[in-house]
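Text of data-v8.cif, listed as mmCIF, C-alpha atoms:
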```cif
data_upload
loop_
_atom_site.label_atom_id
_atom_site.label_comp_id
_atom_site.auth_asym_id
_atom_site.auth_seq_id
_atom_site.Cartn_x
_atom_site.Cartn_y
_atom_site.Cartn_z
CA MET A 27 -8.20 -10.58 -28.92
CA ALA A 28 -7.80 -12.71 -25.81
CA ILE A 29 -4.98 -10.46 -24.60
CA VAL A 30 -7.09 -7.33 -25.11
CA GLY A 31 -9.96 -9.00 -23.28
CA SER A 32 -7.70 -9.94 -20.36
CA VAL A 33 -6.39 -6.37 -20.10
CA ILE A 34 -9.93 -4.99 -20.05
CA VAL A 35 -11.01 -7.48 -17.36
CA ILE A 36 -7.98 -6.62 -15.19
CA ALA A 37 -8.62 -2.88 -15.63
CA VAL A 38 -12.33 -3.12 -14.86
CA PHE A 39 -12.05 -5.67 -12.04
CA PRO A 40 -8.82 -4.89 -10.16
CA SER A 41 -7.56 -7.50 -7.71
CA GLU A 42 -8.05 -7.03 -3.99
CA GLU A 43 -4.33 -6.36 -3.65
CA LYS A 44 -4.55 -3.51 -6.15
CA LYS A 45 -7.49 -2.07 -4.26
CA VAL A 46 -5.49 -2.14 -1.01
CA ARG A 47 -2.49 -0.55 -2.73
CA LYS A 48 -4.77 2.20 -3.98
CA ARG A 49 -5.80 3.00 -0.38
CA PHE A 50 -2.14 3.61 0.48
CA ARG A 51 -1.74 5.76 -2.62
CA LEU A 52 -4.72 7.86 -1.57
CA LEU A 53 -3.46 8.12 2.02
CA SER A 54 -0.13 9.37 0.69
CA GLU A 55 -1.83 11.89 -1.61
CA TRP A 56 -4.21 13.24 1.02
CA VAL A 57 -1.69 13.55 3.83
CA SER A 58 0.97 15.19 1.65
CA ARG A 59 0.99 18.94 1.28
CA SER A 60 2.52 21.14 -1.40
CA PRO A 61 3.48 24.79 -0.72
CA GLU A 62 0.87 25.94 -3.29
CA GLU A 63 -2.01 24.12 -1.62
CA ASN A 64 -5.03 26.40 -1.14
CA ALA A 65 -7.57 26.34 1.70
CA PHE A 66 -10.22 24.55 -0.39
CA THR A 67 -7.85 21.70 -1.31
CA MET A 68 -6.71 21.47 2.30
CA LEU A 69 -10.29 21.08 3.58
CA GLN A 70 -11.09 18.53 0.89
CA LYS A 71 -8.03 16.45 1.77
CA MET A 72 -8.86 16.64 5.49
CA LYS A 73 -12.34 15.31 4.81
CA ASN A 74 -11.05 12.61 2.45
CA VAL A 75 -8.41 11.28 4.85
CA GLY A 76 -11.06 10.30 7.40
CA SER A 77 -12.90 8.23 4.80
CA LEU A 78 -9.92 5.85 4.53
CA PHE A 79 -10.31 4.69 8.12
CA GLU A 80 -12.75 2.52 10.01
CA GLU A 81 -15.07 4.21 12.48
CA HIS A 82 -12.46 3.41 15.14
CA CYS A 83 -8.84 2.91 14.17
CA GLU A 84 -6.19 1.71 16.59
CA LEU A 85 -2.74 3.28 16.54
CA LYS A 86 0.27 1.77 18.31
CA THR A 87 3.52 3.72 18.44
CA ASP A 88 6.59 3.88 20.68
CA TYR A 89 5.16 7.17 22.01
CA PRO A 90 2.55 6.08 24.60
CA SER A 91 0.85 9.48 24.44
CA LEU A 92 0.02 8.96 20.73
CA SER A 93 -1.11 5.33 20.98
CA GLY A 94 -4.81 4.61 21.27
CA SER A 95 -8.06 4.38 19.39
CA TYR A 96 -9.09 7.27 17.12
CA THR A 97 -12.34 8.01 15.34
CA ARG A 98 -12.44 9.13 11.70
CA GLU A 99 -13.29 12.65 12.81
CA GLN A 100 -10.36 12.73 15.22
CA ILE A 101 -8.00 11.60 12.43
CA SER A 102 -9.31 14.26 10.04
CA THR A 103 -9.05 16.93 12.74
CA TYR A 104 -5.53 15.83 13.67
CA VAL A 105 -4.35 15.91 10.05
CA GLY A 106 -6.02 19.31 9.61
CA SER A 107 -4.49 20.81 12.73
CA ALA A 108 -1.00 19.58 11.79
CA ARG A 109 -1.09 21.04 8.25
CA PRO A 110 -0.65 24.75 9.14
CA GLN A 111 2.56 23.79 10.96
CA VAL A 112 4.22 22.55 7.76
CA SER A 113 4.92 24.34 4.51
CA ARG A 114 5.61 21.12 2.63
CA LEU A 115 4.95 17.49 3.53
CA ASP A 116 5.42 14.28 1.56
CA LEU A 117 4.30 10.89 2.80
CA THR A 118 5.66 8.04 0.71
CA PHE A 119 5.40 4.28 1.11
CA TYR A 120 7.99 1.69 0.08
CA ASP A 121 8.37 -2.09 0.20
CA LEU A 122 4.61 -2.59 0.47
CA GLN A 123 3.81 -6.26 1.06
CA ILE A 124 0.18 -7.32 1.34
CA ALA A 125 -1.27 -10.58 2.66
CA PHE A 126 -4.86 -11.67 3.22
CA PRO A 127 -4.85 -13.78 6.42
CA GLU A 128 -8.66 -13.93 6.55
CA LYS A 129 -11.55 -13.14 4.30
CA LYS A 130 -12.08 -9.36 4.10
CA VAL A 131 -8.92 -8.71 6.15
CA ALA A 132 -5.64 -7.45 4.69
CA LYS A 133 -2.33 -7.15 6.48
CA ALA A 134 0.25 -4.80 5.00
CA THR A 135 3.90 -4.39 5.96
CA LEU A 136 5.69 -1.35 4.58
CA THR A 137 8.17 1.46 5.06
CA ALA A 138 6.68 4.92 5.54
CA ARG A 139 8.77 8.02 4.99
CA LEU A 140 7.65 11.50 5.98
CA THR A 141 9.70 14.36 4.58
CA GLY A 142 9.12 18.08 4.38
CA ARG A 143 9.71 21.37 6.09
CA SER A 144 7.96 23.02 9.03
CA THR A 145 6.79 26.62 8.80
CA ALA A 146 9.61 27.40 11.26
CA GLY A 147 12.05 26.16 8.61
CA GLU A 148 13.00 22.86 10.26
CA GLN A 149 13.65 19.85 8.06
CA ILE A 150 11.35 16.85 8.59
CA ASP A 151 12.67 13.38 7.73
CA GLU A 152 11.23 10.39 9.56
CA VAL A 153 11.27 6.76 8.46
CA ARG A 154 9.39 3.93 10.16
CA GLU A 155 8.32 0.39 9.42
CA LEU A 156 4.57 -0.05 9.71
CA GLU A 157 2.21 -2.99 10.01
CA CYS A 158 -1.31 -2.11 8.99
CA ARG A 159 -4.55 -4.03 9.12
CA LEU A 160 -7.37 -3.14 6.78
CA ARG A 161 -10.88 -4.56 6.73
CA LYS A 162 -13.24 -4.66 3.80
CA ILE A 163 -16.47 -2.99 4.81
CA GLU A 164 -19.20 -2.28 2.25
CA LYS A 165 -16.80 -2.92 -0.66
CA GLN A 166 -14.21 -0.49 0.73
CA TRP A 167 -10.86 -1.37 2.27
CA LEU A 168 -10.53 0.69 5.46
CA PHE A 169 -7.59 1.05 7.84
CA SER A 170 -8.48 -0.52 11.19
CA LYS A 171 -5.07 -0.74 12.86
CA ILE A 172 -1.66 0.86 12.35
CA ASP A 173 1.35 -0.43 14.28
CA VAL A 174 4.64 1.43 14.19
CA VAL A 175 7.19 -1.38 14.50
CA GLU A 176 9.48 -0.82 17.47
CA VAL A 177 12.84 -2.01 16.14
CA LEU A 178 14.91 -0.69 19.05
CA LYS A 179 13.37 -1.15 22.46
CA LYS A 180 15.08 0.98 25.10
CA MET B 1 27.76 6.88 14.88
CA GLU B 2 29.92 10.01 14.95
CA PRO B 3 32.88 10.19 15.13
CA THR B 4 33.46 6.56 14.01
CA TYR B 5 31.24 6.92 10.93
CA HIS B 6 30.14 10.26 9.54
CA ASN B 7 26.54 11.21 8.86
CA GLY B 8 25.71 11.00 5.17
CA GLY B 9 28.80 8.91 4.42
CA VAL B 10 28.64 5.88 2.13
CA ASN B 11 29.34 2.48 3.67
CA PHE B 12 29.25 -1.00 2.22
CA CYS B 13 27.63 -3.73 4.27
CA TRP B 14 29.28 -7.13 4.47
CA ARG B 15 26.26 -9.42 4.73
CA LEU B 16 28.28 -12.61 5.29
CA ARG B 17 30.04 -11.27 8.35
CA TYR B 18 27.79 -13.11 10.81
CA LEU B 19 27.13 -16.20 8.74
CA PHE B 20 29.27 -18.41 11.02
CA SER B 21 29.62 -16.21 14.09
CA ARG B 22 27.50 -13.89 16.17
CA PRO B 23 27.98 -10.20 16.87
CA LYS B 24 30.29 -9.54 19.81
CA ARG B 25 30.43 -6.61 22.20
CA HIS B 26 31.97 -3.49 20.56
CA ASP B 27 31.22 -4.77 17.02
CA VAL B 28 29.61 -2.23 14.69
CA ILE B 29 26.65 -3.83 12.94
CA ALA B 30 24.01 -2.88 10.38
CA VAL B 31 20.48 -3.22 11.75
CA ARG B 32 17.52 -3.34 9.36
CA PHE B 33 15.41 -0.45 10.61
CA ALA B 34 12.59 -0.37 8.05
CA GLY B 35 11.75 -2.45 5.01
CA SER B 36 14.70 -3.89 3.14
CA LYS B 37 16.60 -0.65 2.49
CA VAL B 38 16.72 1.49 5.62
CA MET B 39 19.66 0.44 7.83
CA LEU B 40 21.22 1.83 10.98
CA LEU B 41 24.85 1.44 12.00
CA LYS B 42 25.04 0.68 15.72
CA ARG B 43 27.53 -0.74 18.19
CA VAL B 44 26.77 -3.90 20.16
CA VAL B 45 27.10 -3.29 23.89
CA ALA B 46 25.34 -6.30 25.45
CA GLN B 47 24.14 -9.80 24.64
CA GLU B 48 20.90 -11.57 25.54
CA GLY B 49 20.41 -12.09 29.26
CA GLU B 50 22.84 -9.31 30.24
CA TRP B 51 21.80 -6.24 32.21
CA VAL B 52 22.51 -2.84 30.64
CA GLU B 53 22.66 0.45 32.45
CA PHE B 54 24.04 3.99 32.00
CA ARG B 55 25.31 6.01 34.97
CA ASP B 56 26.47 9.56 34.29
CA GLY B 57 27.30 8.60 30.72
CA LYS B 58 29.23 5.45 31.64
CA LEU B 59 28.07 2.09 30.30
CA PHE B 60 27.60 -0.74 32.80
CA VAL B 61 26.87 -4.34 31.81
CA ASP B 62 25.92 -6.75 34.61
CA GLY B 63 27.04 -4.06 37.06
CA LYS B 64 30.57 -3.73 35.63
CA GLU B 65 31.78 -0.59 33.91
CA ILE B 66 32.66 -1.17 30.27
CA ASP B 67 35.57 0.71 28.72
CA GLU B 68 34.51 2.38 25.48
CA PRO B 69 37.51 4.06 23.82
CA TYR B 70 35.43 4.95 20.72
CA ILE B 71 33.30 7.45 22.70
CA ARG B 72 34.84 10.88 22.15
CA PHE B 73 32.02 13.27 22.99
CA PRO B 74 30.90 14.04 26.57
CA CYS B 75 27.89 12.04 27.71
CA THR B 76 25.67 12.43 30.76
CA TRP B 77 23.11 9.68 30.11
CA ASN B 78 21.36 7.84 32.90
CA LEU B 79 19.33 4.71 32.20
CA SER B 80 18.04 2.31 34.81
CA PRO B 81 19.17 -1.35 34.50
CA ARG B 82 17.27 -3.51 32.01
CA GLN B 83 17.79 -7.09 30.88
CA VAL B 84 18.29 -7.95 27.21
CA GLU B 85 15.61 -10.38 26.04
CA LYS B 86 16.26 -13.76 24.45
CA ASN B 87 17.28 -13.51 20.76
CA TYR B 88 17.98 -9.79 21.12
CA ILE B 89 21.17 -7.77 21.38
CA TYR B 90 21.57 -4.30 22.84
CA VAL B 91 22.93 -1.68 20.45
CA VAL B 92 23.88 1.97 20.91
CA GLY B 93 25.42 4.59 18.61
CA ASP B 94 28.79 6.20 19.34
CA ASN B 95 27.48 9.76 19.30
CA ARG B 96 26.06 10.16 22.79
CA SER B 97 26.43 13.91 23.01
CA MET B 98 22.73 14.34 22.28
CA PRO B 99 19.95 13.95 24.90
CA ILE B 100 19.17 10.28 25.54
CA GLU B 101 15.58 10.65 24.33
CA ASN B 102 16.77 11.83 20.88
CA HIS B 103 19.12 8.90 20.32
CA LEU B 104 17.92 5.73 18.57
CA PHE B 105 19.20 2.82 20.62
CA GLY B 106 17.97 -0.24 22.46
CA GLN B 107 17.55 -3.94 22.04
CA ALA B 108 17.16 -5.20 18.50
CA SER B 109 16.09 -8.64 17.37
CA LYS B 110 19.02 -10.70 16.06
CA SER B 111 16.92 -11.39 12.98
CA ARG B 112 17.33 -7.72 12.05
CA VAL B 113 21.13 -7.84 12.01
CA VAL B 114 22.07 -7.63 8.34
CA GLY B 115 25.88 -7.67 8.66
CA GLY B 116 28.66 -5.25 9.39
CA PRO B 117 30.36 -2.38 7.60
CA LEU B 118 33.11 -3.49 5.24
CA TRP B 119 35.57 -1.02 6.77
#
```
Turn the structure described in the file into C-alpha cells.
Amino acid sequence: MAIVGSVIVIAVFPSEEKKVRKRFRLLSEWVSRSPEENAFTMLQKMKNVGSLFEEHCELKTDYPSLSGSYTREQISTYVGSARPQVSRLDLTFYDLQIAFPEKKVAKATLTARLTGRSTAGEQIDEVRELECRLRKIEKQWLFSKIDVVEVLKK
Amino acid sequence: MEPTYHNGGVNFCWRLRYLFSRPKRHDVIAVRFAGSKVMLLKRVVAQEGEWVEFRDGKLFVDGKEIDEPYIRFPCTWNLSPRQVEKNYIYVVGDNRSMPIENHLFGQASKSRVVGGPLW
C-alpha cells in the first residue's frame, strides 16, 4: 500500500528535475519535423516553441551574428521560417545533467544533436554541447539563456 | 583527420595515455567535444604560451615553420598569430584541404583531453 501511495505521489507531484527534463522533451518534440507534418501541426509547433522561453532569452554561440537576445515571438518566427527549408529534422538531447544553483533557477548541461535533411537534399548532422539556464516563472520552467560551449577556440 | 584516420572508422581510445605525461606536439589526441560520448581526433600543434600561425598553408609556431609530414593534401590556410592560453593546447586536424572556416580546430582545454587512439 505504501509503495502504491509513493508511486501515486511521485506521478502527481513530479520533482523539479523531472519538470525541467520535460521542457527539454517538449523542445525536442516541437523543433523536430517529420516529412508528413501538415501545415496545421507546423503552426501549432511554432506557437508552442515560443512558450518554452522567457520573454527575452539570451543565446551565445561561436557565430557572433547569431548571438544575442531574442523574444519569444522572434524564436517562434525563426523556427517557423527555418522549417520549410528542411524535409526532416530531429533534435535530440543526451547526457542531460541538471543542477539548481539558486531557488527557481536551473542549470542544465547537455549534448544536443540536430539531424535531418534539407529540401535541397543535403544531410544535416550537427552536435554541440550546451549550457542552459531556466527560470521558474509562474510555476513554469522557461529557458532564459542558452550557451553553445566553444570547445575549440580558433 | 584524413588521411591518417578515415571518416567513419572505428578507433579505440587509450584513456591512460596521458596519466603520467602530457600531450606533445604532433601527438594525435581524443578531445571530448560534447557530453561524455562525442569525441574528436585532433593533432597537437602547440602548447600553452606558444604563438600559432598559418601562412599559405604552412604551420608556424613562435615564428618558426613546423614540418608536418602527415599533411598530404594541399592547403592554403592563412591565420594571424594567436597565443595559446594557459591550460590549453592548440589542436588541428590533418585534413586541411577544406576551407579554414569549415574545419574544426583551435585551442582546447587540457581538461577535455580524454586520451589518444590505441593505434
Contacts of chain A with chain B up to 8 Å, shortest pair per row, only C-alpha atoms, as CSV:
```
residue,atom,partner,partner_atom,distance
A:Tyr120,CA,B:Gly35,CA,7.5
A:Asp121,CA,B:Gly35,CA,5.9
A:Leu136,CA,B:Gly35,CA,6.2
A:Thr137,CA,B:Gly35,CA,5.3
A:Val153,CA,B:Ala34,CA,7.3
A:Arg154,CA,B:Ala34,CA,5.8
A:Glu155,CA,B:Ala34,CA,4.5
A:Val177,CA,B:Ala108,CA,5.9
A:Leu178,CA,B:Gly106,CA,4.6
A:Lys179,CA,B:Gly106,CA,4.7
A:Lys180,CA,B:Gly106,CA,4.1
```
For region 60-69 of chain B: contacts at 6 Å, only C-alpha atoms, fewer than 5 positions along chain excluded, given as a count of residues only: 5
Could you tell me which of B:Gly93, B:Tyr70, B:Cys75, B:Ile29 comes closest to Asn7 (chain B) if we count all atoms listed in the file? B:Gly93
Mind listing as a list in words all residues within 12 Å of (11.9, 15.3, 18.4), counting only C-alpha atoms?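 Protein and nucleic acid residues near the point are Tyr89, Glu148, Gln149, Ile150, Asp151 and Glu152 of chain A; Met98, Pro99, Ile100, Glu101, Asn102, His103 and Leu104 of chain B.
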Produce a file of the selected residues containing C-alpha atoms, as a CSV table (one decimal), keeping the file's coordinate frame.
```csv
chain,number,residue,atom,x,y,z
A,89,TYR,CA,5.2,7.2,22.0
A,148,GLU,CA,13.0,22.9,10.3
A,149,GLN,CA,13.6,19.8,8.1
A,150,ILE,CA,11.4,16.8,8.6
A,151,ASP,CA,12.7,13.4,7.7
A,152,GLU,CA,11.2,10.4,9.6
B,98,MET,CA,22.7,14.3,22.3
B,99,PRO,CA,20.0,14.0,24.9
B,100,ILE,CA,19.2,10.3,25.5
B,101,GLU,CA,15.6,10.6,24.3
B,102,ASN,CA,16.8,11.8,20.9
B,103,HIS,CA,19.1,8.9,20.3
B,104,LEU,CA,17.9,5.7,18.6
```
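Pairwise distance (CA of Leu122 (chain A), CA of Glu80 (chain A)) equals 20.5 Å.
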Skipping near chain neighbours, those fewer than 2 positions away, what residues fall within 10 Å of Ala125 (chain A) using all atoms listed in the file, listed as a list in words? Glu43, Gln123, Pro127, Glu128, Val131, Ala132, Lys133, Ala134, Thr135 and Arg159 of chain A
Any chance you can output those residues with C-alpha atoms as a PDB file, in the frame of the given file?
```pdb
ATOM      1  CA  GLU A  43      -4.330  -6.360  -3.650  1.00  0.00           C
ATOM      2  CA  GLN A 123       3.810  -6.260   1.060  1.00  0.00           C
ATOM      3  CA  PRO A 127      -4.850 -13.780   6.420  1.00  0.00           C
ATOM      4  CA  GLU A 128      -8.660 -13.930   6.550  1.00  0.00           C
ATOM      5  CA  VAL A 131      -8.920  -8.710   6.150  1.00  0.00           C
ATOM      6  CA  ALA A 132      -5.640  -7.450   4.690  1.00  0.00           C
ATOM      7  CA  LYS A 133      -2.330  -7.150   6.480  1.00  0.00           C
ATOM      8  CA  ALA A 134       0.250  -4.800   5.000  1.00  0.00           C
ATOM      9  CA  THR A 135       3.900  -4.390   5.960  1.00  0.00           C
ATOM     10  CA  ARG A 159      -4.550  -4.030   9.120  1.00  0.00           C
TER      11      ARG A 159
END
```
Please return the centre and edge lengths, in Å to one decimal, of a box with edges along x, y and z that contains all listed atoms of region 64-69 of chain A, widened by 8 Å on every side, as lines of an AutoDock Vina configuration file.
```
center_x = -7.7
center_y = 23.7
center_z = 1.1
size_x = 21.3
size_y = 21.3
size_z = 20.9
```
Hits of the PyMOL selection byres ((chain A and resi 107-117) around 8) in this structure, as a ChimeraX atom specification: /A:54-55,57-61,103-106,118-119,138-146
Would you output that residue set with C-alpha atoms, as a PDB file, keeping the file's coordinate frame?
```pdb
ATOM      1  CA  SER A  54      -0.130   9.370   0.690  1.00  0.00           C
ATOM      2  CA  GLU A  55      -1.830  11.890  -1.610  1.00  0.00           C
ATOM      3  CA  VAL A  57      -1.690  13.550   3.830  1.00  0.00           C
ATOM      4  CA  SER A  58       0.970  15.190   1.650  1.00  0.00           C
ATOM      5  CA  ARG A  59       0.990  18.940   1.280  1.00  0.00           C
ATOM      6  CA  SER A  60       2.520  21.140  -1.400  1.00  0.00           C
ATOM      7  CA  PRO A  61       3.480  24.790  -0.720  1.00  0.00           C
ATOM      8  CA  THR A 103      -9.050  16.930  12.740  1.00  0.00           C
ATOM      9  CA  TYR A 104      -5.530  15.830  13.670  1.00  0.00           C
ATOM     10  CA  VAL A 105      -4.350  15.910  10.050  1.00  0.00           C
ATOM     11  CA  GLY A 106      -6.020  19.310   9.610  1.00  0.00           C
ATOM     12  CA  THR A 118       5.660   8.040   0.710  1.00  0.00           C
ATOM     13  CA  PHE A 119       5.400   4.280   1.110  1.00  0.00           C
ATOM     14  CA  ALA A 138       6.680   4.920   5.540  1.00  0.00           C
ATOM     15  CA  ARG A 139       8.770   8.020   4.990  1.00  0.00           C
ATOM     16  CA  LEU A 140       7.650  11.500   5.980  1.00  0.00           C
ATOM     17  CA  THR A 141       9.700  14.360   4.580  1.00  0.00           C
ATOM     18  CA  GLY A 142       9.120  18.080   4.380  1.00  0.00           C
ATOM     19  CA  ARG A 143       9.710  21.370   6.090  1.00  0.00           C
ATOM     20  CA  SER A 144       7.960  23.020   9.030  1.00  0.00           C
ATOM     21  CA  THR A 145       6.790  26.620   8.800  1.00  0.00           C
ATOM     22  CA  ALA A 146       9.610  27.400  11.260  1.00  0.00           C
TER      23      ALA A 146
END
```
Could you give me, as a ChimeraX atom specification, the residues within 10 Å of Lys73 (chain A), counting all atoms listed in the file and dropping anything in the same chain fewer than 3 positions from it? /A:56,67-70,76-78,98-99,101-103,105-106
Residue nearest Glu164 (chain A) among A:Lys130, A:Lys48, A:Lys86, A:Lys71 (counting all atoms listed in the file):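 For Glu164 (chain A), the nearest of the given residues is A:Lys130.
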Between CA of Gly57 (chain B) and CA of Ala30 (chain B), what is the distance, to one decimal in Å?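 Distance reported for this atom pair: 23.6 Å.
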Go through the shown structure with the PyMOL selection byres ((chain A and resi 88) around 9) and write out the matching residues as a PyMOL selection string. chain A and resi 86-87+89-93+174-176+179
Answer key for the PyMOL selection byres ((chain B and resi 22) around 12), residues as a PyMOL selection string: chain B and resi 16-21+23-25+27-29+44+47-48+87-89+110-111+113-116
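What separates CA of Leu53 (chain A) from CA of Leu40 (chain B) is a distance of 27.0 Å.
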Residues within 12 Å of (-15.9, -2.2, 3.2), file coordinates, counting all atoms listed in the file: what are they? Give the list as number ranges by chain. A: 42, 45-46, 49, 77-81, 129-132, 160-170
